[in-house]
>>> print(open('final.cif').read())   # mmCIF, C-alpha atoms
data_start
loop_
_atom_site.label_atom_id
_atom_site.label_comp_id
_atom_site.auth_asym_id
_atom_site.auth_seq_id
_atom_site.Cartn_x
_atom_site.Cartn_y
_atom_site.Cartn_z
CA MET A 417 0.00 0.00 0.00
CA TRP A 418 2.84 2.39 0.77
CA ASP A 419 4.29 1.68 -2.69
CA GLU A 420 1.04 2.93 -4.21
CA VAL A 421 1.28 6.09 -2.11
CA ASP A 422 4.89 6.66 -3.18
CA ASN A 423 3.98 6.22 -6.84
CA TYR A 424 1.03 8.59 -6.51
CA PHE A 425 3.11 11.37 -4.95
CA ASP A 426 5.92 10.87 -7.46
CA GLU A 427 3.42 11.48 -10.25
CA TYR A 428 1.77 14.33 -8.34
CA SER A 429 5.03 16.17 -7.72
CA ALA A 430 6.21 15.65 -11.32
CA ARG A 431 2.95 17.16 -12.63
CA ASN A 432 3.34 20.14 -10.33
CA GLY A 433 7.00 20.91 -11.04
CA PHE A 434 8.90 19.68 -7.97
CA ALA A 435 10.30 16.51 -6.43
CA ILE A 436 9.32 14.81 -3.19
CA ILE A 437 11.67 12.95 -0.86
CA LYS A 438 11.01 10.76 2.17
CA TYR A 439 11.99 12.64 5.32
CA ARG A 440 10.78 10.69 8.34
CA MET A 441 9.29 7.25 8.98
CA GLU A 442 7.98 5.44 12.07
CA ARG A 443 7.11 1.77 12.52
CA ASN A 444 4.68 0.11 14.92
CA GLY A 445 5.45 -2.78 17.27
CA LYS A 446 5.04 -5.25 14.40
CA GLY A 447 7.69 -3.50 12.33
CA GLN A 448 5.11 -2.10 9.91
CA ILE A 449 5.23 1.51 8.72
CA HIS A 450 2.45 3.53 10.32
CA LYS A 451 3.74 7.10 9.94
CA ARG A 452 5.62 8.80 7.13
CA THR A 453 6.54 12.38 6.30
CA LEU A 454 7.19 13.51 2.73
CA VAL A 455 8.88 16.84 2.02
CA CYS A 456 9.94 18.90 -0.97
CA GLU A 457 13.54 18.31 -2.06
CA PHE A 458 14.21 22.00 -1.31
CA SER A 459 13.17 21.62 2.35
CA ARG A 460 15.40 22.17 5.37
CA THR A 461 18.58 24.25 5.48
CA TYR A 462 22.21 23.40 4.83
CA LYS A 463 24.56 23.24 7.82
CA PRO A 464 28.28 23.20 6.95
CA LYS A 465 30.34 20.64 8.83
CA LYS A 466 33.64 22.51 8.79
CA SER A 467 35.22 23.85 11.95
CA ALA A 468 34.37 27.13 13.64
CA GLU A 469 38.04 28.11 13.38
CA ALA A 470 37.89 27.90 9.57
CA ALA A 471 34.73 29.97 9.55
CA LEU A 472 36.35 32.71 11.68
CA LYS A 473 39.45 32.81 9.48
CA GLY A 474 37.32 33.09 6.37
CA THR A 475 38.88 29.98 4.83
CA GLN A 476 35.69 27.93 4.93
CA GLN A 477 34.20 27.24 1.52
CA ASN A 478 30.57 26.23 1.81
CA THR A 479 29.16 23.74 -0.66
CA LYS A 480 26.48 24.93 -3.06
CA THR A 481 23.13 23.65 -1.86
CA LYS A 482 19.51 23.46 -2.96
CA LYS A 483 18.22 23.51 0.63
CA LEU A 484 15.92 26.56 0.74
CA ASN A 485 13.84 25.66 3.80
CA CYS A 486 10.78 25.05 1.62
CA SER A 487 7.71 24.53 3.82
CA TRP A 488 5.86 21.95 1.64
CA TYR A 489 5.29 18.71 3.50
CA ILE A 490 2.66 16.07 4.19
CA ASN A 491 2.22 13.72 7.14
CA LEU A 492 0.66 10.33 6.42
CA PHE A 493 -0.75 7.96 9.03
CA PHE A 494 -1.76 4.29 8.83
CA PRO A 495 -3.29 3.07 12.14
CA ASP A 496 -3.04 -0.61 13.03
CA GLN A 497 -6.72 -1.39 12.43
CA ALA A 498 -7.17 0.91 9.43
CA THR A 499 -7.75 -0.21 5.86
CA GLN A 500 -6.33 2.88 4.18
CA ILE A 501 -3.64 5.51 4.71
CA GLY A 502 -4.81 8.91 5.88
CA VAL A 503 -3.42 12.44 5.83
CA THR A 504 -2.92 14.22 9.16
CA THR A 505 -1.11 17.39 8.00
CA PHE A 506 -0.64 18.93 4.57
CA VAL A 507 1.18 22.23 3.91
CA ASN A 508 0.92 22.99 0.20
CA LYS A 509 3.28 25.97 -0.04
CA HIS A 510 6.63 26.45 -1.78
CA ASN A 511 9.17 29.28 -1.48
CA HIS A 512 10.83 28.60 -4.84
CA VAL A 513 9.94 28.48 -8.51
CA LEU A 514 8.33 25.24 -9.69
CA VAL A 515 10.04 23.67 -12.72
CA PRO A 516 7.79 21.94 -15.30
CA LYS A 517 10.59 19.56 -16.39
CA THR A 518 11.56 18.64 -12.84
CA GLN A 519 12.09 14.97 -13.82
CA LYS A 520 14.96 16.13 -16.04
CA PHE A 521 16.70 18.26 -13.41
CA ALA A 522 15.75 16.94 -9.95
CA THR A 523 18.41 14.81 -8.24
CA LYS A 524 15.83 12.20 -7.27
CA TYR A 525 15.08 11.29 -10.86
CA ARG A 526 18.69 11.23 -12.05
CA ALA A 527 19.31 7.65 -10.97
CA PHE A 528 20.48 4.88 -13.29
CA THR A 529 18.55 1.62 -13.38
CA ASN A 530 20.42 -1.65 -12.91
CA GLU A 531 20.06 -2.35 -16.63
CA ALA A 532 21.60 1.03 -17.50
CA LEU A 533 24.45 0.50 -15.02
CA ASN A 534 25.23 -2.86 -16.63
CA GLU A 535 25.35 -1.21 -20.04
CA ILE A 536 27.70 1.51 -18.76
CA SER A 537 29.95 -1.14 -17.24
CA LEU A 538 30.15 -3.04 -20.54
CA MET A 539 30.72 0.11 -22.61
CA THR A 540 33.46 1.30 -20.23
CA LYS A 541 35.32 -1.94 -19.54
CA HIS A 542 35.04 -3.67 -22.89
CA GLY A 543 34.17 -0.94 -25.38
CA ASN A 544 36.27 1.88 -23.94
CA LEU A 545 33.62 4.27 -25.31
CA THR A 546 33.69 8.02 -24.65
CA LEU A 547 31.13 9.80 -22.50
CA THR A 548 29.43 11.33 -25.56
CA VAL A 549 29.01 7.97 -27.30
CA GLN A 550 27.75 6.32 -24.10
CA ARG A 551 25.27 9.12 -23.51
CA ASN A 552 23.83 8.81 -27.02
CA LEU A 553 23.52 5.03 -26.75
CA LEU A 554 21.86 5.22 -23.33
CA LYS A 555 19.38 7.86 -24.52
CA ALA A 556 18.47 5.64 -27.49
CA GLN A 557 18.11 2.49 -25.41
CA PHE A 558 16.48 3.98 -22.28
CA SER A 559 14.21 6.81 -23.44
CA ASP A 560 12.71 7.34 -19.95
CA LEU A 561 16.10 7.68 -18.27
CA HIS A 562 16.99 11.18 -17.02
CA PHE A 563 20.59 12.06 -16.18
CA GLN A 564 23.19 14.79 -16.59
CA ASP A 565 26.62 14.31 -18.16
CA GLN A 566 28.21 14.65 -14.71
CA ASN A 567 26.13 11.72 -13.40
CA LEU A 568 27.34 9.55 -16.27
CA ALA A 569 30.94 10.73 -15.85
CA ASN A 570 30.87 9.72 -12.16
CA VAL A 571 29.74 6.17 -13.00
CA ILE A 572 32.32 5.83 -15.78
CA GLN A 573 35.14 6.97 -13.49
CA LYS A 574 33.98 4.56 -10.80
CA HIS A 575 34.33 1.63 -13.20
CA LYS A 576 37.71 2.84 -14.46
CA LYS A 577 38.97 3.22 -10.90
CA ALA A 578 37.76 -0.28 -9.99
CA ASP A 579 39.55 -1.66 -13.04
CA ARG A 580 42.80 0.06 -12.06
CA ILE A 581 42.57 -1.29 -8.52
CA ASN A 582 41.83 -4.84 -9.70
CA ASN A 583 44.64 -4.74 -12.27
CA ASP A 584 47.15 -3.50 -9.67
CA ALA A 585 46.02 -6.13 -7.18
CA SER A 586 46.22 -8.87 -9.83
CA ALA A 587 49.76 -7.83 -10.77
CA LEU A 588 50.84 -7.82 -7.12
CA LEU A 589 49.35 -11.24 -6.44
CA THR A 590 50.97 -12.69 -9.59
CA LYS A 591 54.36 -11.33 -8.55
CA LEU A 592 54.04 -12.74 -5.03
CA MET A 593 53.00 -16.18 -6.30
CA GLN A 594 56.02 -16.19 -8.63
CA LYS A 595 58.29 -15.44 -5.68
CA LYS A 596 56.67 -18.22 -3.67
CA ALA A 597 57.25 -20.63 -6.56
CA GLU A 598 60.93 -19.66 -6.63
CA GLU A 599 61.37 -19.73 -2.83
CA LEU A 600 59.04 -21.90 -0.74
CA ARG A 601 59.76 -19.89 2.42
CA TRP A 602 57.59 -17.08 1.09
CA ILE A 603 54.20 -16.93 2.90
CA VAL A 604 51.34 -15.79 0.66
CA ASN A 605 47.69 -16.04 1.70
CA PHE A 606 44.78 -14.43 -0.15
CA GLU A 607 41.01 -14.55 -0.60
CA LEU A 608 38.79 -13.88 -3.64
CA ASP A 609 35.10 -12.97 -3.67
CA LYS A 610 32.41 -14.54 -5.88
CA ASP A 611 33.39 -12.21 -8.74
CA ASN A 612 37.01 -13.40 -8.53
CA CYS A 613 38.16 -10.03 -7.15
CA LEU A 614 40.91 -9.92 -4.54
CA THR A 615 39.52 -9.04 -1.10
CA ARG A 616 42.35 -10.00 1.29
CA LEU A 617 46.10 -10.46 0.87
CA PHE A 618 48.83 -11.29 3.37
CA TRP A 619 52.47 -12.04 2.65
CA MET A 620 55.82 -12.43 4.42
CA SER A 621 59.19 -12.64 2.71
CA PRO A 622 61.89 -15.08 3.93
CA ASP A 623 63.75 -12.16 5.52
CA GLN A 624 60.60 -11.12 7.35
CA MET A 625 60.13 -14.71 8.52
CA ASP A 626 63.67 -14.74 9.94
CA LEU A 627 63.09 -11.42 11.71
CA TRP A 628 59.76 -12.65 13.08
CA LEU A 629 61.36 -15.79 14.53
CA ARG A 630 64.13 -13.67 16.02
CA TYR A 631 62.07 -10.73 17.32
CA TYR A 632 58.65 -12.32 17.81
CA ASP A 633 57.88 -10.11 20.84
CA ILE A 634 57.97 -6.90 18.78
CA ILE A 635 54.97 -5.59 16.84
CA VAL A 636 55.33 -2.95 14.13
CA ASN A 637 52.20 -1.36 12.58
CA ASP A 638 52.63 0.41 9.25
CA ASN A 639 49.16 1.93 8.81
CA THR A 640 49.18 3.76 5.48
CA ALA A 641 45.86 2.71 3.97
CA ARG A 642 43.98 5.57 2.25
CA THR A 643 46.40 8.22 3.55
CA ASN A 644 46.76 9.77 0.07
CA GLN A 645 43.16 10.90 0.28
#
>>> encode(input="final.cif", output="structure tokens")
Amino acid sequence: MWDEVDNYFDEYSARNGFAIIKYRMERNGKGQIHKRTLVCEFSRTYKPKKSAEAALKGTQQNTKTKKLNCSWYINLFFPDQATQIGVTTFVNKHNHVLVPKTQKFATKYRAFTNEALNEISLMTKHGNLTLTVQRNLLKAQFSDLHFQDQNLANVIQKHKKADRINNDASALLTKLMQKKAEELRWIVNFELDKDNCLTRLFWMSPDQMDLWLRYYDIIVNDNTARTNQ
């Protein structure tokens, strides 16, 4: 029943030039949804997370935001013994211009379906196609899909980054296994997921093994993961 309500308000907001997002939800003792609040995507205000010191020095750069504290919202209620969902509060006011083509520009509607994501993955990994070519092919294949070039660029870069990581990991594992084949004292342990991607890797060289046997009571942590970010 809640799916029908969501579909109705998606169509309602699209007809009226704005987008609705789910803001708050409450469940009853049975785990069923009995209260839900829907708001305009321009509701609330943006609160920067940077430090007060940066704000005082004038070095804080606030992110651009669409949060305009729009007052449109609706509270829906579904009591335990009820047969339909009711409305308890409805404020039908906006403090911004309504856009007729909101499905083209609203963030909510710029999401790729699983089918589209699979196509992007294939075009990026195996076709090495440019953003322009991918955009034209996606528009032809998925006429109801709405996205901006930046959305597509983000997905393409995600796949390229994953490929680089997997290629680097594969090269490292191959090199370690070669060393183990040449010298049996090498310790190499690894795990792969269902997609045959490397998830865990541990190795010790013969020199490290000798040092471990000699200085087993000493622990050295070299924590450098993600420090370049």
>>> atom_distance(input="final.cif", atom1="atom CA of A:Lys446", atom2="atom CA of A:Asp426")
27.2 Å
>>> closest_atom_pairs(input="final.cif", of="stretch 544-599 of chain A", to="stretch 611-635 of chain A", cutoff="10 Å", atoms="all atoms listed in the file", output="tab-separated table")
residue	atom	partner	partner_atom	distance
A:Ile581	CA	A:Leu614	CA	9.6
A:Asn582	CA	A:Cys613	CA	6.8
A:Asn583	CA	A:Cys613	CA	9.8
A:Ala585	CA	A:Leu614	CA	6.9
A:Ser586	CA	A:Leu614	CA	7.6
A:Leu588	CA	A:Leu617	CA	9.7
A:Leu589	CA	A:Leu617	CA	8.0
A:Leu592	CA	A:Trp619	CA	7.9
A:Met593	CA	A:Trp619	CA	9.9
A:Lys595	CA	A:Ser621	CA	8.9
A:Lys596	CA	A:Ser621	CA	8.8
A:Glu599	CA	A:Pro622	CA	8.2
>>> write_last_selection(input="final.cif", atoms="C-alpha atoms", output="tab-separated table (two decimals), in the frame of the given file")
chain	number	residue	atom	x	y	z
A	581	ILE	CA	42.57	-1.29	-8.52
A	582	ASN	CA	41.83	-4.84	-9.70
A	583	ASN	CA	44.64	-4.74	-12.27
A	585	ALA	CA	46.02	-6.13	-7.18
A	586	SER	CA	46.22	-8.87	-9.83
A	588	LEU	CA	50.84	-7.82	-7.12
A	589	LEU	CA	49.35	-11.24	-6.44
A	592	LEU	CA	54.04	-12.74	-5.03
A	593	MET	CA	53.00	-16.18	-6.30
A	595	LYS	CA	58.29	-15.44	-5.68
A	596	LYS	CA	56.67	-18.22	-3.67
A	599	GLU	CA	61.37	-19.73	-2.83
>>> resolve_selection(input="final.cif", expression="the PyMOL selection byres ((chain A and resi 535-545) around 8)", output="PDB file with C-alpha atoms, in the frame of the given file")
ATOM      1  CA  GLU A 531      20.060  -2.350 -16.630  1.00  0.00           C
ATOM      2  CA  ALA A 532      21.600   1.030 -17.500  1.00  0.00           C
ATOM      3  CA  LEU A 533      24.450   0.500 -15.020  1.00  0.00           C
ATOM      4  CA  ASN A 534      25.230  -2.860 -16.630  1.00  0.00           C
ATOM      5  CA  THR A 546      33.690   8.020 -24.650  1.00  0.00           C
ATOM      6  CA  LEU A 547      31.130   9.800 -22.500  1.00  0.00           C
ATOM      7  CA  VAL A 549      29.010   7.970 -27.300  1.00  0.00           C
ATOM      8  CA  GLN A 550      27.750   6.320 -24.100  1.00  0.00           C
ATOM      9  CA  VAL A 571      29.740   6.170 -13.000  1.00  0.00           C
ATOM     10  CA  ILE A 572      32.320   5.830 -15.780  1.00  0.00           C
ATOM     11  CA  HIS A 575      34.330   1.630 -13.200  1.00  0.00           C
ATOM     12  CA  LYS A 576      37.710   2.840 -14.460  1.00  0.00           C
ATOM     13  CA  ASP A 579      39.550  -1.660 -13.040  1.00  0.00           C
TER      14      ASP A 579
END
>>> residues_around(input="final.cif", residues="A:Phe493", least_positions_apart="2", cutoff="9 Å", atoms="all atoms listed in the file", output="number ranges by chain")
A: 449-453, 491, 495, 500-504
>>> closest_residue(input="final.cif", among="A:Phe458, A:Asn444, A:Glu420, A:Asn637", to="A:Gln497", atoms="only C-alpha atoms")
A:Asn444
>>> atom_distance(input="final.cif", atom1="atom CA of A:His512", atom2="atom CA of A:Ala430")
15.2 Å
>>> closest_residue(input="final.cif", among="A:Leu454, A:Thr529, A:Glu607, A:Phe434", to="A:Asp422", atoms="only C-alpha atoms")
A:Leu454
